[in-house]
>>> print(open('protein.cif').read())   # mmCIF, C-alpha atoms
data_protein
#
loop_
_atom_site.label_atom_id
_atom_site.label_comp_id
_atom_site.auth_asym_id
_atom_site.auth_seq_id
_atom_site.Cartn_x
_atom_site.Cartn_y
_atom_site.Cartn_z
CA MET A 166 149.46 112.23 82.43
CA ILE A 167 147.03 115.13 82.32
CA TYR A 168 149.67 117.87 82.11
CA PHE A 169 151.30 116.41 79.05
CA GLN A 170 147.88 115.75 77.50
CA LEU A 171 146.83 119.38 78.03
CA PHE A 172 150.06 120.74 76.59
CA TRP A 173 149.99 118.41 73.60
CA GLN A 174 146.34 118.99 72.68
CA PHE A 175 146.70 122.75 72.82
CA LEU A 176 150.02 122.66 70.99
CA LYS A 177 148.20 120.84 68.17
CA ILE A 178 145.43 123.44 68.19
CA GLY A 179 147.95 126.27 68.14
CA THR A 180 149.78 124.76 65.18
CA VAL A 181 146.86 124.38 62.78
CA SER A 182 144.52 127.16 63.86
CA PHE A 183 144.60 129.42 60.84
CA GLY A 184 142.18 132.30 60.53
CA GLY A 185 141.95 133.60 64.08
CA GLY A 186 138.87 134.05 66.24
CA TYR A 187 136.22 131.44 65.56
CA GLY A 188 138.53 129.74 63.06
CA MET A 189 139.80 127.51 65.86
CA ILE A 190 136.41 126.68 67.32
CA SER A 191 136.19 123.32 65.48
CA LEU A 192 139.57 122.24 66.80
CA ILE A 193 138.89 123.27 70.38
CA ARG A 194 135.44 121.68 70.40
CA GLU A 195 136.86 118.42 69.17
CA ALA A 196 139.65 118.38 71.78
CA VAL A 197 137.26 119.27 74.58
CA LEU A 198 134.56 116.74 73.70
CA THR A 199 136.76 113.75 72.83
CA ASN A 200 138.76 114.13 76.05
CA ASN A 201 135.58 114.65 78.11
CA TRP A 202 136.99 117.90 79.46
CA LEU A 203 133.70 119.77 79.08
CA THR A 204 130.15 118.96 78.04
CA GLU A 205 128.69 120.67 74.98
CA ASN A 206 126.58 122.91 77.23
CA ASP A 207 129.52 124.00 79.36
CA PHE A 208 131.58 124.59 76.23
CA LEU A 209 128.91 126.90 74.78
CA ALA A 210 128.55 128.68 78.11
CA PHE A 211 132.27 129.21 78.22
CA ILE A 212 132.42 130.63 74.68
CA ALA A 213 129.97 133.27 75.90
CA VAL A 214 132.18 134.00 78.92
CA SER A 215 135.20 134.22 76.67
CA GLU A 216 133.41 136.66 74.35
CA SER A 217 132.59 138.85 77.32
CA THR A 218 136.10 138.91 78.79
CA PRO A 219 139.21 140.37 77.16
CA GLY A 220 141.78 138.29 75.36
CA PRO A 221 141.89 135.85 72.46
CA LEU A 222 139.43 132.97 72.53
CA ALA A 223 142.21 130.39 72.22
CA VAL A 224 144.10 131.71 75.26
CA ASN A 225 140.92 131.98 77.30
CA MET A 226 139.89 128.44 76.38
CA ALA A 227 143.33 127.03 77.14
CA THR A 228 143.45 128.74 80.52
CA PHE A 229 139.94 127.66 81.45
CA ILE A 230 140.27 124.04 80.42
CA GLY A 231 143.78 123.79 81.84
CA ALA A 232 142.60 125.18 85.17
CA SER A 233 139.58 122.88 85.34
CA GLN A 234 141.69 119.78 84.58
CA GLY A 235 145.00 120.53 86.25
CA GLY A 236 144.88 123.66 88.40
CA ILE A 237 147.26 126.53 87.86
CA LEU A 238 149.99 124.37 86.33
CA GLY A 239 147.48 122.88 83.90
CA ALA A 240 146.27 126.35 82.95
CA PHE A 241 149.84 127.50 82.39
CA LEU A 242 150.83 124.50 80.28
CA ALA A 243 147.71 124.60 78.12
CA THR A 244 148.21 128.31 77.48
CA LEU A 245 151.89 127.78 76.74
CA GLY A 246 150.94 125.03 74.30
CA VAL A 247 148.48 127.14 72.37
CA ILE A 248 150.73 130.18 72.02
CA SER A 249 154.15 128.64 71.37
CA PRO A 250 153.58 127.60 67.73
CA ALA A 251 152.48 131.14 66.87
CA PHE A 252 155.38 132.62 68.82
CA ILE A 253 158.00 130.42 67.15
CA MET A 254 156.52 130.81 63.67
CA ILE A 255 156.42 134.61 63.91
CA LEU A 256 159.96 134.75 65.28
CA ILE A 257 161.17 132.72 62.31
CA ILE A 258 159.33 134.95 59.85
CA ALA A 259 160.43 138.19 61.50
CA SER A 260 164.07 137.20 61.88
CA CYS A 261 165.10 135.21 58.85
CA MET A 262 162.27 134.32 56.49
CA LYS A 263 160.59 137.58 55.67
CA ASN A 264 159.45 136.20 52.33
CA LEU A 265 157.99 132.96 53.66
CA LEU A 266 154.45 134.02 52.85
CA LYS A 267 155.41 135.03 49.34
CA TYR A 268 156.48 131.54 48.24
CA ALA A 269 154.07 129.97 45.75
CA GLY A 270 153.78 126.76 47.78
CA VAL A 271 152.89 128.57 51.00
CA LYS A 272 150.40 130.75 49.16
CA ALA A 273 148.75 127.73 47.58
CA PHE A 274 148.57 125.99 50.97
CA LEU A 275 146.92 128.98 52.63
CA ALA A 276 144.56 129.55 49.70
CA ALA A 277 143.19 126.03 50.10
CA VAL A 278 143.12 126.11 53.91
CA ARG A 279 140.97 129.24 54.04
CA PRO A 280 137.79 127.76 52.48
CA CYS A 281 138.40 124.58 54.50
CA ILE A 282 138.37 126.49 57.81
CA ALA A 283 135.21 128.37 56.82
CA ALA A 284 133.48 125.06 56.03
CA LEU A 285 134.70 123.51 59.31
CA VAL A 286 133.33 126.43 61.34
CA LEU A 287 129.98 126.22 59.57
CA ALA A 288 129.76 122.47 60.16
CA THR A 289 130.70 122.99 63.82
CA GLY A 290 128.00 125.64 64.18
CA ILE A 291 125.39 123.31 62.68
CA ASN A 292 126.56 120.45 64.90
CA MET A 293 126.25 122.64 67.97
CA GLY A 294 122.81 123.70 66.81
CA LEU A 295 121.71 120.08 66.43
CA SER A 296 122.95 119.34 69.92
CA VAL A 297 121.51 122.47 71.57
CA PHE A 298 118.15 122.57 69.79
CA CYS A 299 117.40 118.91 69.05
CA GLY A 300 119.51 117.02 71.59
CA ILE A 301 121.23 115.10 68.79
CA LYS A 302 124.90 114.31 69.02
CA GLN A 303 124.87 111.05 67.09
CA ILE A 304 122.47 109.45 64.68
CA THR A 305 121.28 107.05 67.40
CA ASP A 306 120.10 109.86 69.69
CA SER A 307 116.39 110.50 69.70
CA PHE A 308 114.94 113.90 68.93
CA ASN A 309 114.49 116.03 71.99
CA ILE A 310 113.56 119.40 70.64
CA SER A 311 114.05 122.41 72.91
CA TYR A 312 111.48 124.89 71.64
CA SER A 313 112.48 127.62 74.07
CA ARG A 314 116.10 127.64 72.90
CA PHE A 315 115.07 127.53 69.27
CA PHE A 316 112.67 130.39 69.87
CA ILE A 317 115.49 132.48 71.39
CA PHE A 318 117.74 131.56 68.46
CA LEU A 319 115.10 132.83 66.02
CA ILE A 320 114.70 136.11 67.91
CA ILE A 321 118.46 136.66 68.12
CA SER A 322 118.87 135.87 64.43
CA CYS A 323 116.12 138.34 63.54
CA ILE A 324 117.73 141.04 65.68
CA GLY A 325 121.13 140.32 64.13
CA ILE A 326 119.87 140.35 60.55
CA ILE A 327 117.65 143.41 60.97
CA THR A 328 120.38 145.56 62.56
CA LYS A 329 122.75 144.49 59.82
CA LYS A 330 120.25 145.47 57.13
CA ILE A 331 119.27 148.80 58.69
CA LYS A 332 122.45 150.04 60.37
CA GLN A 333 124.92 148.31 58.03
CA LYS A 334 126.90 147.00 60.97
CA THR A 335 126.84 143.98 63.23
CA LEU A 336 125.74 144.25 66.84
CA SER A 337 128.49 143.64 69.38
CA PRO A 338 128.56 140.02 70.51
CA ILE A 339 128.49 141.10 74.17
CA LEU A 340 125.21 142.96 73.61
CA MET A 341 123.75 139.94 71.81
CA ILE A 342 124.79 137.69 74.70
CA MET A 343 123.12 140.03 77.21
CA ILE A 344 119.90 140.17 75.20
CA SER A 345 119.81 136.38 74.93
CA ALA A 346 120.50 136.01 78.68
CA CYS A 347 117.44 138.17 79.44
CA LEU A 348 115.37 136.20 76.92
CA GLY A 349 116.55 132.97 78.55
CA ILE A 350 115.38 134.10 81.98
CA VAL A 351 112.03 135.39 80.68
CA VAL A 352 111.28 132.28 78.61
CA ASN A 353 112.16 129.92 81.46
CA LEU A 354 110.04 131.83 84.00
CA ILE A 355 106.98 131.68 81.71
CA MET B 276 165.58 148.42 79.28
CA LYS B 277 163.18 151.33 79.33
CA LYS B 278 161.85 150.24 75.96
CA ILE B 279 161.22 146.72 77.24
CA THR B 280 159.30 148.03 80.26
CA ASN B 281 157.34 150.23 77.91
CA ILE B 282 156.49 147.29 75.63
CA PHE B 283 155.40 145.28 78.64
CA LEU B 284 153.06 147.99 79.92
CA ILE B 285 151.54 148.76 76.53
CA PHE B 286 150.81 145.13 75.75
CA LEU B 287 149.45 144.59 79.24
CA LYS B 288 147.06 147.46 78.60
CA ILE B 289 146.11 146.08 75.20
CA GLY B 290 145.52 142.67 76.78
CA VAL B 291 143.05 144.23 79.21
CA PHE B 292 141.06 146.07 76.57
CA THR B 293 140.79 143.68 73.66
CA PHE B 294 137.23 142.49 73.84
CA GLY B 295 136.00 140.81 70.71
CA GLY B 296 139.19 139.28 69.42
CA GLY B 297 141.99 140.05 67.02
CA TYR B 298 140.64 142.80 64.83
CA THR B 299 139.87 145.21 67.64
CA MET B 300 143.40 144.64 68.79
CA ILE B 301 144.88 145.62 65.44
CA THR B 302 143.24 149.05 65.72
CA LEU B 303 144.63 149.50 69.23
CA LEU B 304 148.10 148.41 68.15
CA ARG B 305 148.15 150.80 65.22
CA ASN B 306 147.14 153.60 67.54
CA GLU B 307 149.92 152.85 70.05
CA PHE B 308 152.88 151.90 67.89
CA VAL B 309 152.34 153.65 64.57
CA SER B 310 150.55 156.88 65.49
CA LYS B 311 151.61 157.62 69.07
CA LYS B 312 155.05 156.08 69.65
CA GLN B 313 156.12 155.82 65.99
CA TRP B 314 158.22 152.76 66.74
CA ILE B 315 156.82 150.88 63.78
CA ILE B 316 156.44 152.39 60.32
CA SER B 317 153.12 152.06 58.59
CA ASP B 318 154.37 149.67 55.86
CA LEU B 319 155.80 147.27 58.39
CA PHE B 320 152.53 147.37 60.27
CA LEU B 321 150.56 146.41 57.16
CA ASP B 322 152.99 143.53 56.59
CA MET B 323 152.37 142.45 60.14
CA VAL B 324 148.60 142.36 59.69
CA ALA B 325 149.00 140.18 56.61
CA ILE B 326 151.41 137.85 58.40
CA ALA B 327 149.26 137.62 61.54
CA GLU B 328 146.28 136.65 59.42
CA SER B 329 148.10 133.96 57.47
CA THR B 330 150.04 132.24 60.22
CA PRO B 331 148.44 129.86 62.70
CA GLY B 332 147.57 131.02 66.20
CA PRO B 333 145.55 133.87 67.68
CA ILE B 334 146.05 137.22 65.94
CA ALA B 335 146.79 138.85 69.31
CA ILE B 336 149.75 136.56 69.92
CA ASN B 337 151.08 136.81 66.37
CA SER B 338 151.05 140.59 66.35
CA ALA B 339 152.50 140.90 69.87
CA THR B 340 155.41 138.62 68.93
CA TYR B 341 156.01 140.44 65.65
CA ILE B 342 155.91 143.97 67.06
CA GLY B 343 157.92 143.01 70.14
CA TYR B 344 160.60 141.48 67.94
CA HIS B 345 160.85 144.50 65.69
CA ILE B 346 161.24 146.90 68.59
CA ALA B 347 163.56 144.97 70.86
CA GLY B 348 164.54 141.61 69.38
CA PHE B 349 163.82 138.26 71.05
CA ASN B 350 163.37 139.74 74.52
CA GLY B 351 160.89 142.24 73.14
CA ALA B 352 158.91 139.42 71.51
CA LEU B 353 158.90 137.38 74.70
CA VAL B 354 157.87 140.31 76.89
CA ALA B 355 155.13 141.47 74.51
CA THR B 356 153.63 137.99 74.16
CA THR B 357 153.72 137.34 77.90
CA ALA B 358 152.19 140.72 78.68
CA VAL B 359 149.32 140.31 76.24
CA CYS B 360 148.40 136.96 77.82
CA ILE B 361 148.60 137.97 81.49
CA PRO B 362 145.24 139.80 81.76
CA SER B 363 143.14 137.09 80.13
CA PHE B 364 145.02 134.35 81.95
CA THR B 365 144.37 135.97 85.32
CA ILE B 366 140.73 136.82 84.65
CA ILE B 367 139.87 133.40 83.26
CA TYR B 368 141.75 131.61 86.03
CA ILE B 369 139.66 133.44 88.63
CA ILE B 370 136.43 132.80 86.71
CA SER B 371 137.25 129.09 86.38
CA SER B 372 137.28 128.62 90.14
CA TYR B 373 133.73 129.95 90.45
CA PHE B 374 132.26 128.87 87.14
CA ASP B 375 130.63 125.61 88.25
CA SER B 376 128.95 127.02 91.33
CA PHE B 377 127.94 130.08 89.32
CA LEU B 378 126.21 127.91 86.69
CA LYS B 379 124.23 126.13 89.42
CA LEU B 380 122.33 129.28 90.43
CA SER B 381 118.90 128.87 88.86
CA TYR B 382 118.62 132.32 87.29
CA VAL B 383 122.09 131.94 85.82
CA SER B 384 121.19 128.60 84.32
CA TYR B 385 118.05 130.15 82.79
CA ALA B 386 120.18 132.91 81.34
CA PHE B 387 122.67 130.44 79.91
CA ASP B 388 119.84 128.58 78.24
CA GLY B 389 119.36 131.68 76.12
CA ILE B 390 123.07 132.36 75.81
CA GLN B 391 123.71 128.93 74.30
CA ALA B 392 121.27 129.71 71.53
CA CYS B 393 123.07 133.01 71.01
CA VAL B 394 126.51 131.38 70.79
CA VAL B 395 125.24 129.02 68.09
CA TYR B 396 124.04 132.09 66.20
CA LEU B 397 127.40 133.86 66.67
CA ILE B 398 129.34 130.89 65.35
CA ILE B 399 127.09 130.31 62.35
CA SER B 400 127.18 133.99 61.44
CA ALA B 401 130.97 134.07 61.81
CA ALA B 402 131.13 131.07 59.47
CA ILE B 403 128.86 132.80 56.94
CA GLN B 404 131.07 135.86 57.09
CA MET B 405 134.17 133.73 56.49
CA LEU B 406 132.45 131.99 53.59
CA ALA B 407 131.52 135.34 52.09
CA GLY B 408 135.21 136.25 52.11
CA VAL B 409 136.20 133.09 50.21
CA ARG B 410 136.69 133.67 46.48
CA LYS B 411 133.99 131.97 44.45
CA THR B 412 136.04 129.63 42.32
CA PHE B 413 135.16 126.07 41.37
CA PHE B 414 138.03 124.71 43.45
CA ASN B 415 136.97 126.60 46.58
CA LEU B 416 133.37 125.56 46.10
CA VAL B 417 134.38 121.90 45.95
CA ILE B 418 136.50 122.24 49.11
CA VAL B 419 133.78 124.01 51.07
CA SER B 420 131.01 121.58 50.16
CA THR B 421 133.14 118.45 50.55
CA ILE B 422 134.54 119.45 53.91
CA PHE B 423 131.20 120.66 55.20
CA ILE B 424 129.32 117.50 54.24
CA THR B 425 132.09 115.14 55.37
CA MET B 426 132.46 116.76 58.75
CA LEU B 427 128.72 116.82 59.36
CA ILE B 428 128.30 113.16 58.40
CA PHE B 429 131.37 112.00 60.34
CA SER B 430 130.30 113.73 63.53
CA VAL B 431 126.70 112.51 63.33
CA LEU B 432 127.96 108.96 62.78
CA SER B 433 130.63 109.64 65.43
CA ILE B 434 133.45 108.54 63.13
CA ASP B 435 136.74 109.58 64.66
CA PHE B 436 138.58 111.82 62.19
CA SER B 437 140.64 114.65 63.56
CA THR B 438 139.91 118.18 62.35
CA VAL B 439 143.66 118.62 61.99
CA PHE B 440 143.59 116.22 59.03
CA TYR B 441 140.91 118.18 57.18
CA ILE B 442 143.08 121.27 57.36
CA LEU B 443 146.33 119.55 56.39
CA ILE B 444 144.74 117.55 53.56
CA CYS B 445 143.17 120.68 52.09
CA GLY B 446 146.49 122.52 52.32
CA MET B 447 148.30 119.68 50.56
CA ILE B 448 145.65 119.50 47.84
CA GLY B 449 146.19 123.23 47.32
CA VAL B 450 149.94 122.78 46.97
CA ALA B 451 149.52 119.79 44.64
CA ARG B 452 147.11 121.71 42.43
CA ASP B 453 149.54 124.58 42.20
CA PHE B 454 152.33 122.18 41.33
CA ILE B 455 150.35 120.50 38.54
CA LYS B 456 149.51 123.87 37.05
CA LEU B 457 153.21 124.72 36.87
CA ILE B 458 154.10 121.75 34.65
CA PRO B 459 154.11 122.95 31.04
CA ARG B 460 151.59 121.04 28.96
CA GLY B 461 154.00 120.15 26.16
CA GLU B 462 156.31 118.32 28.48
CA ASN B 463 153.79 115.58 29.20
CA LYS B 464 153.57 114.58 25.54
CA LYS B 465 157.26 114.72 24.64
#
>>> encode(input="protein.cif", output="structure tokens")
Amino acid sequence: MIYFQLFWQFLKIGTVSFGGGYGMISLIREAVLTNNWLTENDFLAFIAVSESTPGPLAVNMATFIGASQGGILGAFLATLGVISPAFIMILIIASCMKNLLKYAGVKAFLAAVRPCIAALVLATGINMGLSVFCGIKQITDSFNISYSRFFIFLIISCIGIITKKIKQKTLSPILMIMISACLGIVVNLI
Amino acid sequence: MKKITNIFLIFLKIGVFTFGGGYTMITLLRNEFVSKKQWIISDLFLDMVAIAESTPGPIAINSATYIGYHIAGFNGALVATTAVCIPSFTIIYIISSYFDSFLKLSYVSYAFDGIQACVVYLIISAAIQMLAGVRKTFFNLVIVSTIFITMLIFSVLSIDFSTVFYILICGMIGVARDFIKLIPRGENKK
């Protein structure tokens, strides 16, 4: 039952995705890859699309994957799944448990979850890098290094780090994506 | 009723213009509800930011629910949350119908070759930023390194271990640690 599966997977993501933004990337990647909903390449491509369109990444992802697996109803259910935990939780806090976040237990839970999420996102980034640059998903895969992609990664990293050092601010992700798109076309034509 | 319509329109507008995730949205929200309309007082808004950051789910959804509830109760929350999702839902749904054929165009696929490299950079740099925000205590250091190494090894060996568990286990360890610290030392000896 694909509709139930979509709703359930995104409900799970919505319940444990602390930290906002890329904090939920590890969860979404896992759901997408283990269910064979997208390939790693399509997933990365869609993150770029999601960065360049308005709205939260989680909602965009849910809509996109829901639509690709189950049409408009799938898109609706996946989106509903990812937003309902947040909706319910905030309603509870706003209406009757204003001090929920001040309890020692809740504070301790969140304090330990925060470093965990950061580590998960870093590990996910490295995993994606291994897959995009070296073609490795598992230990049994053979090396298949993509020099052109790695070259673009190096250029983008240099641009990112240099602008941060000189201008003291990060370049907008949309601009970075556009630069890398041009680089991709140039490198592949040469 | 007029207030509800107003909430709907404002959140619809915010949904259209929030590129780049939650934090851009917080600036927009402050502008609309604290400065212009003065429906939310500044202290309550600061509380909201803290709550939105510490509860699961996208920051956009959390803050829409919270602000909607404070202005017009449950209906306000429902209307605000729905409105903030409508633009991204519509845009992504349209994109999803053309995405596959779009990716097949050769220039587009060249461009996405570069974009994939860029997305890996964006995720790794987001992770580094999150790590920089984590307090450098021994406990946090242990969590970050353990989770990072475990996740990397598990995914390379393709051992099935849901990301949800990493987050919940870390949270529980945090609570347990807090609990142990609360027990007075003398009591153990008796």
>>> resolve_selection(input="protein.cif", expression="the PyMOL selection byres ((chain A and resi 251-261) around 9)", output="count of residues only")
31
>>> closest_residue(input="protein.cif", among="A:Ala240, A:Lys334, A:Val297, A:Leu171", to="Ala210 of chain A", atoms="all atoms listed in the file")
A:Val297
>>> residues_around(input="protein.cif", residues="Gly184 of chain A", least_positions_apart="3", cutoff="8 Å", atoms="all atoms listed in the file", output="PyMOL selection string")
(chain A and resi 187-189+279+282) or (chain B and resi 328-332)
>>> write_last_selection(input="protein.cif", atoms="C-alpha atoms", output="short mmCIF file (atom, residue, chain, number, x, y, z; two decimals), in the coordinates of the input")
data_model
loop_
_atom_site.label_atom_id
_atom_site.label_comp_id
_atom_site.auth_asym_id
_atom_site.auth_seq_id
_atom_site.Cartn_x
_atom_site.Cartn_y
_atom_site.Cartn_z
CA TYR A 187 136.22 131.44 65.56
CA GLY A 188 138.53 129.74 63.06
CA MET A 189 139.80 127.51 65.86
CA ARG A 279 140.97 129.24 54.04
CA ILE A 282 138.37 126.49 57.81
CA GLU B 328 146.28 136.65 59.42
CA SER B 329 148.10 133.96 57.47
CA THR B 330 150.04 132.24 60.22
CA PRO B 331 148.44 129.86 62.70
CA GLY B 332 147.57 131.02 66.20
#
>>> closest_residue(input="protein.cif", among="B:Ile398, B:Ile444, B:Ala347, B:Val417", to="chain A", atoms="only C-alpha atoms")
B:Ile398
>>> residues_near_point(input="protein.cif", point="(145.8, 149.8, 68.9)", cutoff="12 Å", atoms="only C-alpha atoms", output="ChimeraX atom specification")
/B:285-286,288-290,292-293,297-312,320,335,338-339,342
>>> closest_residue(input="protein.cif", among="B:Phe423, B:Phe414, B:Phe283, B:Trp314", to="chain A", atoms="all atoms listed in the file")
B:Phe423
>>> residues_around(input="protein.cif", residues="Thr244 of chain A", least_positions_apart="5", cutoff="8 Å", atoms="only C-alpha atoms", output="list in words")
Phe172, Phe175, Val224, Ala227, Thr228 and Gly231 of chain A
>>> write_last_selection(input="protein.cif", atoms="C-alpha atoms", output="PDB file, keeping the file's coordinate frame")
ATOM      1  CA  PHE A 172     150.060 120.740  76.590  1.00  0.00           C
ATOM      2  CA  PHE A 175     146.700 122.750  72.820  1.00  0.00           C
ATOM      3  CA  VAL A 224     144.100 131.710  75.260  1.00  0.00           C
ATOM      4  CA  ALA A 227     143.330 127.030  77.140  1.00  0.00           C
ATOM      5  CA  THR A 228     143.450 128.740  80.520  1.00  0.00           C
ATOM      6  CA  GLY A 231     143.780 123.790  81.840  1.00  0.00           C
TER       7      GLY A 231
END
>>> atom_distance(input="protein.cif", atom1="atom CA of Thr425 of chain B", atom2="atom CA of Thr438 of chain B")
10.9 Å
>>> residues_around(input="protein.cif", residues="Asp375 of chain B", least_positions_apart="6", cutoff="12 Å", atoms="only C-alpha atoms", output="ChimeraX atom specification")
/A:203,207,210-211,229,233 /B:369,383-384
>>> write_last_selection(input="protein.cif", atoms="C-alpha atoms", output="PDB file, keeping the file's coordinate frame")
ATOM      1  CA  LEU A 203     133.700 119.770  79.080  1.00  0.00           C
ATOM      2  CA  ASP A 207     129.520 124.000  79.360  1.00  0.00           C
ATOM      3  CA  ALA A 210     128.550 128.680  78.110  1.00  0.00           C
ATOM      4  CA  PHE A 211     132.270 129.210  78.220  1.00  0.00           C
ATOM      5  CA  PHE A 229     139.940 127.660  81.450  1.00  0.00           C
ATOM      6  CA  SER A 233     139.580 122.880  85.340  1.00  0.00           C
TER       7      SER A 233
ATOM      8  CA  ILE B 369     139.660 133.440  88.630  1.00  0.00           C
ATOM      9  CA  VAL B 383     122.090 131.940  85.820  1.00  0.00           C
ATOM     10  CA  SER B 384     121.190 128.600  84.320  1.00  0.00           C
TER      11      SER B 384
END
>>> decode(input="protein.cif", residues="segment 414-426 of chain B", atoms="C-alpha atoms", output="PDB file, in the first residue's frame")
ATOM      1  CA  PHE B 414      30.166  14.430  26.232  1.00  0.00           C
ATOM      2  CA  ASN B 415      29.305  16.184  22.964  1.00  0.00           C
ATOM      3  CA  LEU B 416      32.634  15.207  21.457  1.00  0.00           C
ATOM      4  CA  VAL B 417      31.994  11.547  22.257  1.00  0.00           C
ATOM      5  CA  ILE B 418      28.495  11.714  20.727  1.00  0.00           C
ATOM      6  CA  VAL B 419      29.669  13.429  17.555  1.00  0.00           C
ATOM      7  CA  SER B 420      32.572  11.079  16.906  1.00  0.00           C
ATOM      8  CA  THR B 421      30.689   7.903  17.829  1.00  0.00           C
ATOM      9  CA  ILE B 422      27.659   8.725  15.721  1.00  0.00           C
ATOM     10  CA  PHE B 423      29.741   9.919  12.797  1.00  0.00           C
ATOM     11  CA  ILE B 424      31.948   6.833  12.688  1.00  0.00           C
ATOM     12  CA  THR B 425      29.097   4.384  13.312  1.00  0.00           C
ATOM     13  CA  MET B 426      26.905   5.839  10.609  1.00  0.00           C
TER      14      MET B 426
END
